[in-house]
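Okay, work.txt now, which holds compact mmCIF, C-alpha atoms:
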```txt
# COMPACT_ATOMS: atom_id res chain seq x y z
CA MET A 1 -2.14 13.08 -23.11
CA ASP A 2 -4.10 16.31 -22.92
CA GLU A 3 -6.62 15.30 -20.29
CA PRO A 4 -6.86 17.56 -17.23
CA LEU A 5 -4.54 17.05 -14.27
CA LEU A 6 -5.93 15.03 -11.38
CA VAL A 7 -5.59 18.02 -9.07
CA GLU A 8 -7.91 20.07 -11.28
CA ARG A 9 -10.77 17.92 -9.97
CA ARG A 10 -10.18 19.30 -6.46
CA PRO A 11 -7.84 22.30 -6.46
CA LEU A 12 -5.61 22.39 -3.40
CA PRO A 13 -5.95 25.22 -0.86
CA ILE A 14 -2.17 25.74 -1.12
CA GLU A 15 -0.53 28.24 -3.46
CA GLY A 16 2.89 28.99 -4.90
CA ARG A 17 5.86 26.67 -5.22
CA LEU A 18 4.61 24.13 -2.67
CA GLY A 19 1.17 24.06 -4.30
CA GLN A 20 2.83 23.32 -7.64
CA GLN A 21 4.94 20.53 -6.12
CA LEU A 22 1.93 18.95 -4.40
CA ALA A 23 -0.05 19.08 -7.67
CA PHE A 24 2.79 17.13 -9.33
CA LEU A 25 2.85 14.66 -6.43
CA ILE A 26 -0.90 14.07 -6.85
CA GLU A 27 -0.58 13.66 -10.63
CA VAL A 28 2.03 10.92 -10.23
CA ASP A 29 -0.57 8.83 -8.40
CA ARG A 30 -1.39 7.69 -11.96
CA LEU A 31 1.78 5.56 -11.96
CA LYS A 32 -0.14 3.13 -9.73
CA THR A 33 -2.54 2.47 -12.63
CA ILE A 34 0.04 1.73 -15.34
CA LEU A 35 0.10 -2.04 -15.71
CA ARG A 36 3.18 -3.98 -16.75
CA ALA A 37 3.29 -7.31 -18.56
CA SER A 38 4.66 -9.14 -15.47
CA THR A 39 2.47 -10.85 -12.89
CA LEU A 40 3.22 -10.66 -9.18
CA ALA A 41 4.81 -13.51 -7.23
CA ALA A 42 2.45 -13.05 -4.27
CA VAL A 43 -0.93 -13.05 -6.09
CA GLN A 44 -2.25 -13.61 -9.61
CA ARG A 45 -2.48 -10.12 -11.07
CA ARG A 46 -0.30 -7.84 -13.14
CA GLU A 47 2.24 -5.56 -11.51
CA ASN A 48 1.94 -1.80 -11.82
CA ASP A 49 4.72 0.70 -12.34
CA ALA A 50 4.62 2.13 -8.81
CA GLU A 51 5.00 -1.32 -7.25
CA HIS A 52 7.77 -2.14 -9.72
CA SER A 53 9.62 1.10 -8.93
CA TRP A 54 9.43 0.42 -5.19
CA HIS A 55 10.69 -3.13 -5.73
CA LEU A 56 13.67 -1.84 -7.72
CA ALA A 57 14.52 0.63 -4.95
CA LEU A 58 14.66 -2.15 -2.39
CA MET A 59 16.63 -4.40 -4.76
CA VAL A 60 19.22 -1.65 -5.21
CA LEU A 61 19.61 -1.40 -1.42
CA VAL A 62 20.04 -5.17 -1.02
CA LEU A 63 22.13 -5.91 -4.13
CA ALA A 64 24.38 -2.82 -4.40
CA GLU A 65 27.39 -4.87 -3.27
CA TYR A 66 27.33 -6.69 -6.63
CA ALA A 67 27.91 -3.58 -8.76
CA ASP A 68 31.21 -4.03 -10.61
CA GLU A 69 31.88 -0.28 -10.56
CA PRO A 70 31.59 1.79 -7.36
CA ILE A 71 28.10 3.32 -7.16
CA ASP A 72 26.43 5.96 -5.02
CA VAL A 73 23.56 3.87 -3.65
CA GLY A 74 21.35 6.83 -2.75
CA HIS A 75 21.68 8.26 -6.24
CA THR A 76 20.92 4.86 -7.81
CA VAL A 77 17.75 4.64 -5.73
CA ARG A 78 16.76 8.11 -6.99
CA LEU A 79 17.14 6.91 -10.58
CA VAL A 80 14.87 3.89 -10.10
CA VAL A 81 12.23 5.89 -8.19
CA VAL A 82 11.99 8.29 -11.14
CA HIS A 83 12.75 6.00 -14.11
CA ASP A 84 9.19 4.99 -15.08
CA LEU A 85 7.38 8.29 -14.40
CA VAL A 86 7.06 9.15 -18.10
CA GLU A 87 4.90 6.03 -18.54
CA ILE A 88 2.12 7.95 -16.78
CA TYR A 89 1.44 9.56 -20.17
CA ALA A 90 3.42 7.28 -22.53
CA GLY A 91 2.19 3.93 -21.16
CA ASP A 92 4.30 0.85 -20.45
CA THR A 93 6.23 -0.65 -23.38
CA PRO A 94 6.66 -4.38 -22.75
CA LEU A 95 10.19 -5.62 -23.39
CA TYR A 96 9.05 -8.15 -25.97
CA ASP A 97 6.54 -5.91 -27.82
CA ASP A 98 8.50 -4.82 -30.87
CA THR A 99 5.62 -2.82 -32.35
CA LEU A 100 5.19 -0.58 -29.32
CA ARG A 101 8.96 -0.26 -29.06
CA LEU A 102 9.12 1.44 -32.47
CA ASP A 103 7.87 4.84 -31.28
CA GLN A 104 8.71 4.43 -27.60
CA VAL A 105 11.38 7.16 -27.54
CA GLU A 106 9.12 9.73 -29.19
CA ARG A 107 6.19 8.97 -26.87
CA GLU A 108 8.35 9.11 -23.77
CA LEU A 109 10.05 12.38 -24.69
CA ALA A 110 6.67 14.08 -25.12
CA ALA A 111 5.51 12.60 -21.81
CA ALA A 112 8.63 13.81 -20.02
CA ASP A 113 8.06 17.37 -21.28
CA ARG A 114 4.52 17.38 -19.94
CA LEU A 115 5.10 15.61 -16.63
CA PHE A 116 8.33 17.18 -15.45
CA GLY A 117 7.03 20.54 -16.71
CA LEU A 118 4.52 20.46 -13.85
CA LEU A 119 7.36 21.03 -11.37
CA PRO A 120 8.98 24.37 -10.56
CA GLU A 121 11.62 25.05 -13.21
CA ASP A 122 14.67 24.08 -11.12
CA GLN A 123 13.12 20.75 -10.17
CA ALA A 124 11.79 20.13 -13.68
CA ARG A 125 15.42 20.27 -14.83
CA GLU A 126 16.63 18.12 -11.93
CA PHE A 127 14.08 15.32 -12.46
CA ARG A 128 14.43 15.42 -16.23
CA ALA A 129 18.19 15.02 -15.75
CA LEU A 130 17.65 11.95 -13.55
CA TRP A 131 15.45 10.37 -16.22
CA ASP A 132 17.90 11.25 -18.99
CA GLU A 133 20.74 9.78 -16.93
CA PHE A 134 18.86 6.52 -16.46
CA GLU A 135 18.04 6.26 -20.15
CA ALA A 136 21.57 7.09 -21.36
CA ARG A 137 23.33 4.49 -19.14
CA GLN A 138 26.54 6.51 -19.20
CA THR A 139 27.09 6.52 -15.41
CA PRO A 140 27.79 3.52 -13.14
CA GLU A 141 24.59 4.32 -11.21
CA ALA A 142 22.47 4.33 -14.37
CA ARG A 143 24.02 1.07 -15.57
CA PHE A 144 23.30 -0.64 -12.26
CA ALA A 145 19.77 0.79 -12.11
CA LYS A 146 19.09 -0.58 -15.61
CA ALA A 147 20.48 -3.98 -14.61
CA ILE A 148 18.09 -4.14 -11.66
CA ASP A 149 15.21 -2.97 -13.88
CA ARG A 150 15.90 -5.94 -16.16
CA LEU A 151 16.45 -8.46 -13.36
CA GLU A 152 13.22 -7.85 -11.41
CA PRO A 153 10.71 -9.07 -14.04
CA ASN A 154 12.82 -12.18 -14.53
CA LEU A 155 12.46 -13.03 -10.84
CA LEU A 156 8.70 -12.63 -11.32
CA ASN A 157 8.82 -14.80 -14.47
CA TRP A 158 10.63 -17.48 -12.48
CA MET A 159 7.91 -17.40 -9.81
CA ALA A 160 5.21 -17.50 -12.54
CA ALA A 161 6.89 -20.50 -14.21
CA GLY A 162 7.00 -18.54 -17.45
CA GLY A 163 5.30 -15.16 -17.42
CA THR A 164 6.54 -12.92 -20.23
CA TRP A 165 9.12 -15.58 -21.21
CA GLN A 166 6.15 -17.22 -22.92
CA THR A 167 5.46 -14.27 -25.24
CA PRO A 168 5.09 -15.76 -28.77
CA GLY A 169 8.42 -15.77 -30.61
CA VAL A 170 10.54 -15.35 -27.48
CA THR A 171 13.30 -17.90 -26.85
CA ALA A 172 16.21 -18.19 -24.43
CA ASP A 173 18.31 -16.23 -26.94
CA THR A 174 15.81 -13.38 -26.96
CA VAL A 175 15.87 -13.21 -23.19
CA ARG A 176 19.69 -13.29 -23.11
CA ALA A 177 19.86 -10.47 -25.67
CA ARG A 178 17.37 -8.26 -23.84
CA THR A 179 18.97 -8.77 -20.41
CA VAL A 180 22.57 -8.22 -21.48
CA HIS A 181 22.58 -5.03 -19.35
CA ILE A 182 22.60 -7.13 -16.22
CA GLY A 183 25.99 -8.74 -16.81
CA GLU A 184 27.39 -5.44 -18.08
CA ALA A 185 26.81 -3.85 -14.66
CA SER A 186 27.43 -6.90 -12.48
CA ALA A 187 29.13 -10.17 -13.35
CA ALA A 188 27.52 -11.86 -10.33
CA LEU A 189 24.00 -10.77 -11.24
CA GLY A 190 24.71 -11.67 -14.88
CA GLU A 191 25.55 -15.20 -13.74
CA ALA A 192 22.37 -15.34 -11.67
CA MET A 193 20.38 -14.26 -14.74
CA ALA A 194 22.08 -16.99 -16.80
CA ALA A 195 21.11 -19.52 -14.12
CA LEU A 196 17.48 -18.38 -14.32
CA VAL A 197 17.46 -18.72 -18.12
CA GLY A 198 19.14 -22.13 -17.93
CA GLY A 199 16.74 -23.38 -15.27
CA ALA A 200 13.69 -21.97 -17.05
CA THR A 201 14.71 -23.67 -20.30
CA ARG A 202 15.26 -27.01 -18.55
CA ASN A 203 11.89 -26.67 -16.80
CA GLY A 204 10.08 -25.94 -20.08
CA TRP A 205 9.11 -22.40 -19.01
CA LEU A 206 11.11 -20.78 -21.82
CA ALA A 207 11.69 -22.04 -25.39
CA ALA A 208 15.27 -23.17 -25.96
CA GLY A 209 15.25 -22.52 -29.75
CA GLN A 210 17.41 -19.84 -31.26
CA GLN A 211 14.89 -18.51 -33.80
CA GLY A 212 12.44 -15.75 -33.06
CA VAL A 213 12.78 -12.20 -31.79
CA THR A 214 16.26 -11.18 -30.78
CA GLY A 215 16.84 -7.62 -31.98
CA PRO A 216 18.53 -4.89 -30.02
CA ALA A 217 18.64 -5.20 -26.27
CA MET B 1 2.87 -15.80 10.07
CA ASP B 2 4.30 -19.29 9.71
CA GLU B 3 3.24 -19.96 6.14
CA PRO B 4 6.02 -21.02 3.74
CA LEU B 5 8.12 -18.42 1.95
CA LEU B 6 7.04 -17.57 -1.60
CA VAL B 7 10.35 -18.81 -2.96
CA GLU B 8 9.70 -22.27 -1.52
CA ARG B 9 7.10 -22.73 -4.27
CA ARG B 10 9.86 -22.51 -6.90
CA PRO B 11 13.32 -22.75 -5.38
CA LEU B 12 15.85 -20.58 -7.21
CA PRO B 13 18.78 -22.18 -9.07
CA ILE B 14 21.10 -19.79 -7.20
CA GLU B 15 22.89 -20.66 -3.97
CA GLY B 16 24.73 -18.90 -1.16
CA ARG B 17 24.51 -15.28 -0.10
CA LEU B 18 22.99 -14.05 -3.38
CA GLY B 19 20.41 -16.84 -3.34
CA GLN B 20 19.42 -15.79 0.18
CA GLN B 21 19.13 -12.14 -0.86
CA LEU B 22 17.01 -12.99 -3.91
CA ALA B 23 14.72 -15.17 -1.76
CA PHE B 24 14.15 -12.13 0.51
CA LEU B 25 13.54 -9.92 -2.54
CA ILE B 26 10.90 -12.37 -3.79
CA GLU B 27 9.25 -12.61 -0.36
CA VAL B 28 8.82 -8.82 -0.19
CA ASP B 29 6.60 -9.03 -3.29
CA ARG B 30 3.88 -9.57 -0.67
CA LEU B 31 4.03 -5.85 0.22
CA LYS B 32 2.10 -5.26 -3.02
CA THR B 33 -0.85 -7.15 -1.53
CA ILE B 34 -1.09 -5.30 1.80
CA LEU B 35 -3.98 -2.88 1.42
CA ARG B 36 -4.16 0.44 3.23
CA ALA B 37 -7.28 2.35 4.25
CA SER B 38 -6.62 5.14 1.70
CA THR B 39 -8.04 5.13 -1.82
CA LEU B 40 -6.00 6.28 -4.82
CA ALA B 41 -6.44 9.67 -6.46
CA ALA B 42 -6.19 8.20 -9.97
CA VAL B 43 -8.76 5.37 -9.72
CA GLN B 44 -11.32 4.08 -7.21
CA ARG B 45 -9.47 1.38 -5.33
CA ARG B 46 -7.43 1.10 -2.15
CA GLU B 47 -3.73 1.80 -2.14
CA ASN B 48 -1.25 -0.93 -1.26
CA ASP B 49 1.91 -0.61 0.82
CA ALA B 50 4.34 -0.94 -2.11
CA GLU B 51 2.63 1.89 -4.01
CA HIS B 52 2.54 3.98 -0.85
CA SER B 53 6.25 3.38 -0.18
CA TRP B 54 7.16 4.41 -3.73
CA HIS B 55 5.01 7.52 -3.43
CA LEU B 56 6.78 8.51 -0.20
CA ALA B 57 10.18 8.05 -1.85
CA LEU B 58 9.24 10.46 -4.63
CA MET B 59 7.70 12.91 -2.13
CA VAL B 60 10.94 12.94 -0.16
CA LEU B 61 12.87 13.80 -3.34
CA VAL B 62 10.50 16.63 -4.25
CA LEU B 63 9.83 18.05 -0.77
CA ALA B 64 13.21 17.65 0.97
CA GLU B 65 13.79 21.42 0.78
CA TYR B 66 11.06 21.91 3.41
CA ALA B 67 12.81 19.91 6.15
CA ASP B 68 13.53 22.28 9.05
CA GLU B 69 16.67 20.35 10.02
CA PRO B 70 19.33 19.40 7.44
CA ILE B 71 18.64 15.87 6.13
CA ASP B 72 20.53 13.34 4.05
CA VAL B 73 17.99 12.86 1.27
CA GLY B 74 19.33 9.47 0.14
CA HIS B 75 19.14 8.12 3.67
CA THR B 76 15.61 9.48 4.11
CA VAL B 77 14.55 7.68 0.92
CA ARG B 78 16.07 4.47 2.31
CA LEU B 79 13.93 4.83 5.44
CA VAL B 80 10.68 5.20 3.52
CA VAL B 81 11.48 2.34 1.14
CA VAL B 82 11.92 0.03 4.15
CA HIS B 83 9.45 1.50 6.66
CA ASP B 84 6.39 -0.64 5.89
CA LEU B 85 8.09 -3.99 5.19
CA VAL B 86 7.06 -5.48 8.54
CA GLU B 87 3.42 -5.14 7.46
CA ILE B 88 4.02 -8.09 5.14
CA TYR B 89 3.47 -10.28 8.20
CA ALA B 90 1.90 -7.81 10.68
CA GLY B 91 -0.67 -6.26 8.29
CA ASP B 92 -1.50 -2.58 7.94
CA THR B 93 -2.74 -0.76 11.03
CA PRO B 94 -5.00 2.11 9.94
CA LEU B 95 -4.25 5.40 11.70
CA TYR B 96 -7.78 5.71 13.05
CA ASP B 97 -8.24 2.05 14.13
CA ASP B 98 -7.61 2.20 17.87
CA THR B 99 -8.31 -1.51 18.42
CA LEU B 100 -5.69 -2.69 15.95
CA ARG B 101 -3.28 -0.08 17.31
CA LEU B 102 -3.31 -1.74 20.76
CA ASP B 103 -1.01 -4.63 19.84
CA GLN B 104 0.64 -3.03 16.81
CA VAL B 105 4.11 -2.84 18.34
CA GLU B 106 4.12 -6.49 19.41
CA ARG B 107 2.90 -7.71 16.00
CA GLU B 108 5.43 -5.62 14.14
CA LEU B 109 8.39 -6.66 16.27
CA ALA B 110 7.64 -10.34 15.61
CA ALA B 111 7.25 -9.60 11.90
CA ALA B 112 10.57 -7.73 11.79
CA ASP B 113 12.35 -10.71 13.37
CA ARG B 114 11.00 -13.06 10.74
CA LEU B 115 11.34 -10.84 7.67
CA PHE B 116 14.75 -9.26 8.24
CA GLY B 117 15.99 -12.65 9.46
CA LEU B 118 15.72 -13.89 5.88
CA LEU B 119 18.67 -11.69 4.91
CA PRO B 120 22.35 -12.51 5.49
CA GLU B 121 23.22 -11.52 9.05
CA ASP B 122 25.00 -8.25 8.24
CA GLN B 123 22.09 -7.04 6.12
CA ALA B 124 19.50 -8.30 8.60
CA ARG B 125 21.13 -5.95 11.13
CA GLU B 126 21.35 -3.09 8.60
CA PHE B 127 17.69 -3.25 7.51
CA ARG B 128 16.44 -3.79 11.04
CA ALA B 129 18.38 -0.68 12.06
CA LEU B 130 16.71 1.35 9.28
CA TRP B 131 13.29 0.25 10.47
CA ASP B 132 14.15 0.93 14.12
CA GLU B 133 15.45 4.38 13.15
CA PHE B 134 12.20 5.21 11.33
CA GLU B 135 10.08 4.07 14.25
CA ALA B 136 12.12 5.89 16.91
CA ARG B 137 12.06 9.29 15.13
CA GLN B 138 15.27 10.33 16.88
CA THR B 139 17.11 11.47 13.72
CA PRO B 140 16.21 14.37 11.39
CA GLU B 141 15.82 11.88 8.53
CA ALA B 142 13.40 9.69 10.49
CA ARG B 143 11.37 12.72 11.57
CA PHE B 144 11.06 13.94 8.00
CA ALA B 145 10.25 10.44 6.70
CA LYS B 146 7.46 10.16 9.29
CA ALA B 147 6.11 13.58 8.31
CA ILE B 148 5.89 12.50 4.67
CA ASP B 149 4.29 9.19 5.73
CA ARG B 150 1.56 11.18 7.48
CA LEU B 151 1.14 13.76 4.70
CA GLU B 152 0.61 11.37 1.77
CA PRO B 153 -2.71 9.80 2.86
CA ASN B 154 -4.05 13.29 3.57
CA LEU B 155 -3.39 14.29 -0.05
CA LEU B 156 -5.33 11.17 -1.06
CA ASN B 157 -8.13 12.07 1.39
CA TRP B 158 -8.32 15.51 -0.18
CA MET B 159 -8.66 13.98 -3.65
CA ALA B 160 -11.30 11.54 -2.33
CA ALA B 161 -13.27 14.39 -0.73
CA GLY B 162 -13.08 12.60 2.59
CA GLY B 163 -11.51 9.13 2.53
CA THR B 164 -10.32 8.06 5.98
CA TRP B 165 -11.26 11.50 7.38
CA GLN B 166 -14.77 10.05 7.39
CA THR B 167 -13.94 7.20 9.77
CA PRO B 168 -16.66 7.22 12.49
CA GLY B 169 -15.59 9.32 15.47
CA VAL B 170 -12.86 11.19 13.61
CA THR B 171 -12.98 15.00 13.65
CA ALA B 172 -10.63 17.79 12.61
CA ASP B 173 -9.07 17.60 16.08
CA THR B 174 -8.33 13.90 15.65
CA VAL B 175 -6.65 14.55 12.34
CA ARG B 176 -4.61 17.43 13.77
CA ALA B 177 -3.47 15.24 16.69
CA ARG B 178 -2.45 12.31 14.48
CA THR B 179 -0.58 14.47 11.95
CA VAL B 180 1.34 16.55 14.47
CA HIS B 181 4.57 14.90 13.19
CA ILE B 182 4.30 16.87 9.98
CA GLY B 183 4.72 20.30 11.57
CA GLU B 184 7.39 18.95 13.92
CA ALA B 185 9.63 18.15 10.93
CA SER B 186 8.61 21.00 8.64
CA ALA B 187 6.78 24.21 9.47
CA ALA B 188 5.88 24.70 5.79
CA LEU B 189 4.40 21.22 5.40
CA GLY B 190 2.65 21.63 8.77
CA GLU B 191 0.97 24.77 7.40
CA ALA B 192 -0.03 22.91 4.24
CA MET B 193 -1.56 20.17 6.39
CA ALA B 194 -3.47 22.79 8.40
CA ALA B 195 -4.78 24.25 5.12
CA LEU B 196 -6.00 20.79 4.05
CA VAL B 197 -7.80 20.27 7.38
CA GLY B 198 -9.29 23.75 7.22
CA GLY B 199 -10.45 23.32 3.63
CA ALA B 200 -11.80 19.82 4.27
CA THR B 201 -13.79 21.05 7.24
CA ARG B 202 -15.25 23.97 5.27
CA ASN B 203 -16.13 21.59 2.40
CA GLY B 204 -17.90 19.18 4.75
CA TRP B 205 -15.39 16.34 4.09
CA LEU B 206 -14.26 16.23 7.74
CA ALA B 207 -16.31 16.80 10.90
CA ALA B 208 -15.43 20.05 12.63
CA GLY B 209 -16.50 18.92 16.14
CA GLN B 210 -13.97 18.49 18.88
CA GLN B 211 -15.42 15.31 20.43
CA GLY B 212 -14.41 11.86 19.29
CA VAL B 213 -11.13 10.00 19.03
CA THR B 214 -8.06 12.09 19.69
CA GLY B 215 -5.62 9.97 21.68
CA PRO B 216 -1.88 9.84 21.16
CA ALA B 217 -0.50 10.84 17.74
```

Output the file's structure as structure tokens, nothing else.
Amino acid sequence: MDEPLLVERRPLPIEGRLGQQLAFLIEVDRLKTILRASTLAAVQRRENDAEHSWHLALMVLVLAEYADEPIDVGHTVRLVVVHDLVEIYAGDTPLYDDTLRLDQVERELAAADRLFGLLPEDQAREFRALWDEFEARQTPEARFAKAIDRLEPNLLNWMAAGGTWQTPGVTADTVRARTVHIGEASAALGEAMAALVGGATRNGWLAAGQQGVTGPA
Amino acid sequence: MDEPLLVERRPLPIEGRLGQQLAFLIEVDRLKTILRASTLAAVQRRENDAEHSWHLALMVLVLAEYADEPIDVGHTVRLVVVHDLVEIYAGDTPLYDDTLRLDQVERELAAADRLFGLLPEDQAREFRALWDEFEARQTPEARFAKAIDRLEPNLLNWMAAGGTWQTPGVTADTVRARTVHIGEASAALGEAMAALVGGATRNGWLAAGQQGVTGPA
């Protein structure tokens, strides 16, 4: 986590507040290199965090009507654009990797301090607050953002005829437990998720058994 | 442009309006495969449109304070999230490729008809209107979104010590002409762009000569 900033390779000819903001905006280019466990629907390669974050933003715009509580769509988009930034230094933690999940919070808090600390102080606070809001799921916008974050990889799993559903030890019950946030924010999207799990189980893309990893969502 | 939709490979077990929206949201996965001329700052490979669109969204959030006209930040983010979708069927048109630019409008209009037509009619109109607004640059939000769209690849060029600035025939004058939108939306960002062009010319990353491609911005 202590490697030099990208911008240190070629310092910008721009000083002050704007120079600091542009240095941050260059550093976040790293999000494009953080690979997720999911594979794309369009081609056979893993998705990265920047692509995922863009996909969530568009999903929020298209699916906002299904939020069970009123949401500010623009604010929800802000949350998903920012939600994975800490993975630049903390790495992605796959949903079904219970070892990596053990120290996820600690790794991500340290990453947030470093990354958001690159911004001018007022914006460091503002972006840290967006990330905290997403993580805490105490606002309707954060709950809907989290639901969309859980739905997207399941669409990709459907298109991959398995994907991360085929992680060893994962069954339909595991998937239901780890996607419970979807139905909590939107009954309609929760039903769609149930239809995906049902269809995937019938198609043999997801183990029907009840044993295996369930744990906290 | 007439190949089957991605979702046709594995029809979703979800019907009606939501099924139609999810089919669109799977089809747009293709944006992750549309390569741009720019290379990333973080690793040596070309950027794709989904990564670029995410990067613009974050840049809008960080740099909104520099807009010379008041802007609705949430709406501006919407514009950048949607602005490149038509390239799914029309392909990317590099800024310095004057041959591809000749029929760009025609290709993109046909692509917009097909892609937005996948959505329910009300949303097809809504997303088409966002794209039209971005292209027309008649609102403060569209002008700022366009400025950010032009600024981002220049940050990547700086980090690449050349990048698309080294396209044959391109000089500092070409770059100034094709990035004029930046200063039109934000004097501060226009100055930053001028500093990048000045620095790049001094460093030998961009030809100083005035001959070569200039053309319309």

(message) Would you mind listing, as a PyMOL selection string, all residues of chain A that have at least one atom within 8 Å of chain B, where only C-alpha atoms are what counts?
(response) chain A and resi 6-7+9-10+12-14+21+25-27+29-30+32-33+40-43+50-51+53-55+57-59+61-63+73-75+77-78+81-82+123+155-156+158-159+192+195-196+199

Take the residues that were just selected and, keeping C-alpha atoms, output them as a PDB file, in the coordinates of the input.
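out_30.pdb written:
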```
ATOM      1  CA  LEU A   6      -5.930  15.030 -11.380  1.00  0.00           C
ATOM      2  CA  VAL A   7      -5.590  18.020  -9.070  1.00  0.00           C
ATOM      3  CA  ARG A   9     -10.770  17.920  -9.970  1.00  0.00           C
ATOM      4  CA  ARG A  10     -10.180  19.300  -6.460  1.00  0.00           C
ATOM      5  CA  LEU A  12      -5.610  22.390  -3.400  1.00  0.00           C
ATOM      6  CA  PRO A  13      -5.950  25.220  -0.860  1.00  0.00           C
ATOM      7  CA  ILE A  14      -2.170  25.740  -1.120  1.00  0.00           C
ATOM      8  CA  GLN A  21       4.940  20.530  -6.120  1.00  0.00           C
ATOM      9  CA  LEU A  25       2.850  14.660  -6.430  1.00  0.00           C
ATOM     10  CA  ILE A  26      -0.900  14.070  -6.850  1.00  0.00           C
ATOM     11  CA  GLU A  27      -0.580  13.660 -10.630  1.00  0.00           C
ATOM     12  CA  ASP A  29      -0.570   8.830  -8.400  1.00  0.00           C
ATOM     13  CA  ARG A  30      -1.390   7.690 -11.960  1.00  0.00           C
ATOM     14  CA  LYS A  32      -0.140   3.130  -9.730  1.00  0.00           C
ATOM     15  CA  THR A  33      -2.540   2.470 -12.630  1.00  0.00           C
ATOM     16  CA  LEU A  40       3.220 -10.660  -9.180  1.00  0.00           C
ATOM     17  CA  ALA A  41       4.810 -13.510  -7.230  1.00  0.00           C
ATOM     18  CA  ALA A  42       2.450 -13.050  -4.270  1.00  0.00           C
ATOM     19  CA  VAL A  43      -0.930 -13.050  -6.090  1.00  0.00           C
ATOM     20  CA  ALA A  50       4.620   2.130  -8.810  1.00  0.00           C
ATOM     21  CA  GLU A  51       5.000  -1.320  -7.250  1.00  0.00           C
ATOM     22  CA  SER A  53       9.620   1.100  -8.930  1.00  0.00           C
ATOM     23  CA  TRP A  54       9.430   0.420  -5.190  1.00  0.00           C
ATOM     24  CA  HIS A  55      10.690  -3.130  -5.730  1.00  0.00           C
ATOM     25  CA  ALA A  57      14.520   0.630  -4.950  1.00  0.00           C
ATOM     26  CA  LEU A  58      14.660  -2.150  -2.390  1.00  0.00           C
ATOM     27  CA  MET A  59      16.630  -4.400  -4.760  1.00  0.00           C
ATOM     28  CA  LEU A  61      19.610  -1.400  -1.420  1.00  0.00           C
ATOM     29  CA  VAL A  62      20.040  -5.170  -1.020  1.00  0.00           C
ATOM     30  CA  LEU A  63      22.130  -5.910  -4.130  1.00  0.00           C
ATOM     31  CA  VAL A  73      23.560   3.870  -3.650  1.00  0.00           C
ATOM     32  CA  GLY A  74      21.350   6.830  -2.750  1.00  0.00           C
ATOM     33  CA  HIS A  75      21.680   8.260  -6.240  1.00  0.00           C
ATOM     34  CA  VAL A  77      17.750   4.640  -5.730  1.00  0.00           C
ATOM     35  CA  ARG A  78      16.760   8.110  -6.990  1.00  0.00           C
ATOM     36  CA  VAL A  81      12.230   5.890  -8.190  1.00  0.00           C
ATOM     37  CA  VAL A  82      11.990   8.290 -11.140  1.00  0.00           C
ATOM     38  CA  GLN A 123      13.120  20.750 -10.170  1.00  0.00           C
ATOM     39  CA  LEU A 155      12.460 -13.030 -10.840  1.00  0.00           C
ATOM     40  CA  LEU A 156       8.700 -12.630 -11.320  1.00  0.00           C
ATOM     41  CA  TRP A 158      10.630 -17.480 -12.480  1.00  0.00           C
ATOM     42  CA  MET A 159       7.910 -17.400  -9.810  1.00  0.00           C
ATOM     43  CA  ALA A 192      22.370 -15.340 -11.670  1.00  0.00           C
ATOM     44  CA  ALA A 195      21.110 -19.520 -14.120  1.00  0.00           C
ATOM     45  CA  LEU A 196      17.480 -18.380 -14.320  1.00  0.00           C
ATOM     46  CA  GLY A 199      16.740 -23.380 -15.270  1.00  0.00           C
TER      47      GLY A 199
END
```

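All residues of protein, DNA or RNA that reach within 12 Å of Glu133 in chain B, judged by only C-alpha atoms and not counting those fewer than 3 positions away in the chain, are B:His75, B:Thr76, B:Arg78, B:Leu79, B:Val80, B:Val82, B:His83, B:Arg125, B:Glu126, B:Phe127, B:Arg128, B:Ala129, B:Leu130, B:Ala136, B:Arg137, B:Gln138, B:Thr139, B:Pro140, B:Glu141, B:Ala142, B:Arg143, B:Phe144, B:Ala145, B:Lys146.
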
(message) I need the residue nearest Gly204 in chain B from this list: B:Gln166, B:Gln104, B:Ala64, B:Asp122. Use only C-alpha atoms for the distance.
(response)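 Smallest separation from Gly204 in chain B among the options: B:Gln166.
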
(message) Need the shell around Leu95 in chain B: protein/DNA/RNA residues with any atom at most 9 Å away, counting all atoms listed in the file. Skip same-chain ones fewer than 4 positions apart. Format as a list in words?
(response)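 Once the adjacent positions are removed, what remains is Ala37, Arg101, Thr164, Arg178 and Ala217 of chain B.
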
(message) Taking all atoms listed in the file into account, name the residue in B:Val105, B:Ala185, B:Ile71, B:Val60 that is nearest to Gly91 in chain B.
(response)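 Closest to Gly91 in chain B, using all atoms listed in the file: B:Val105.
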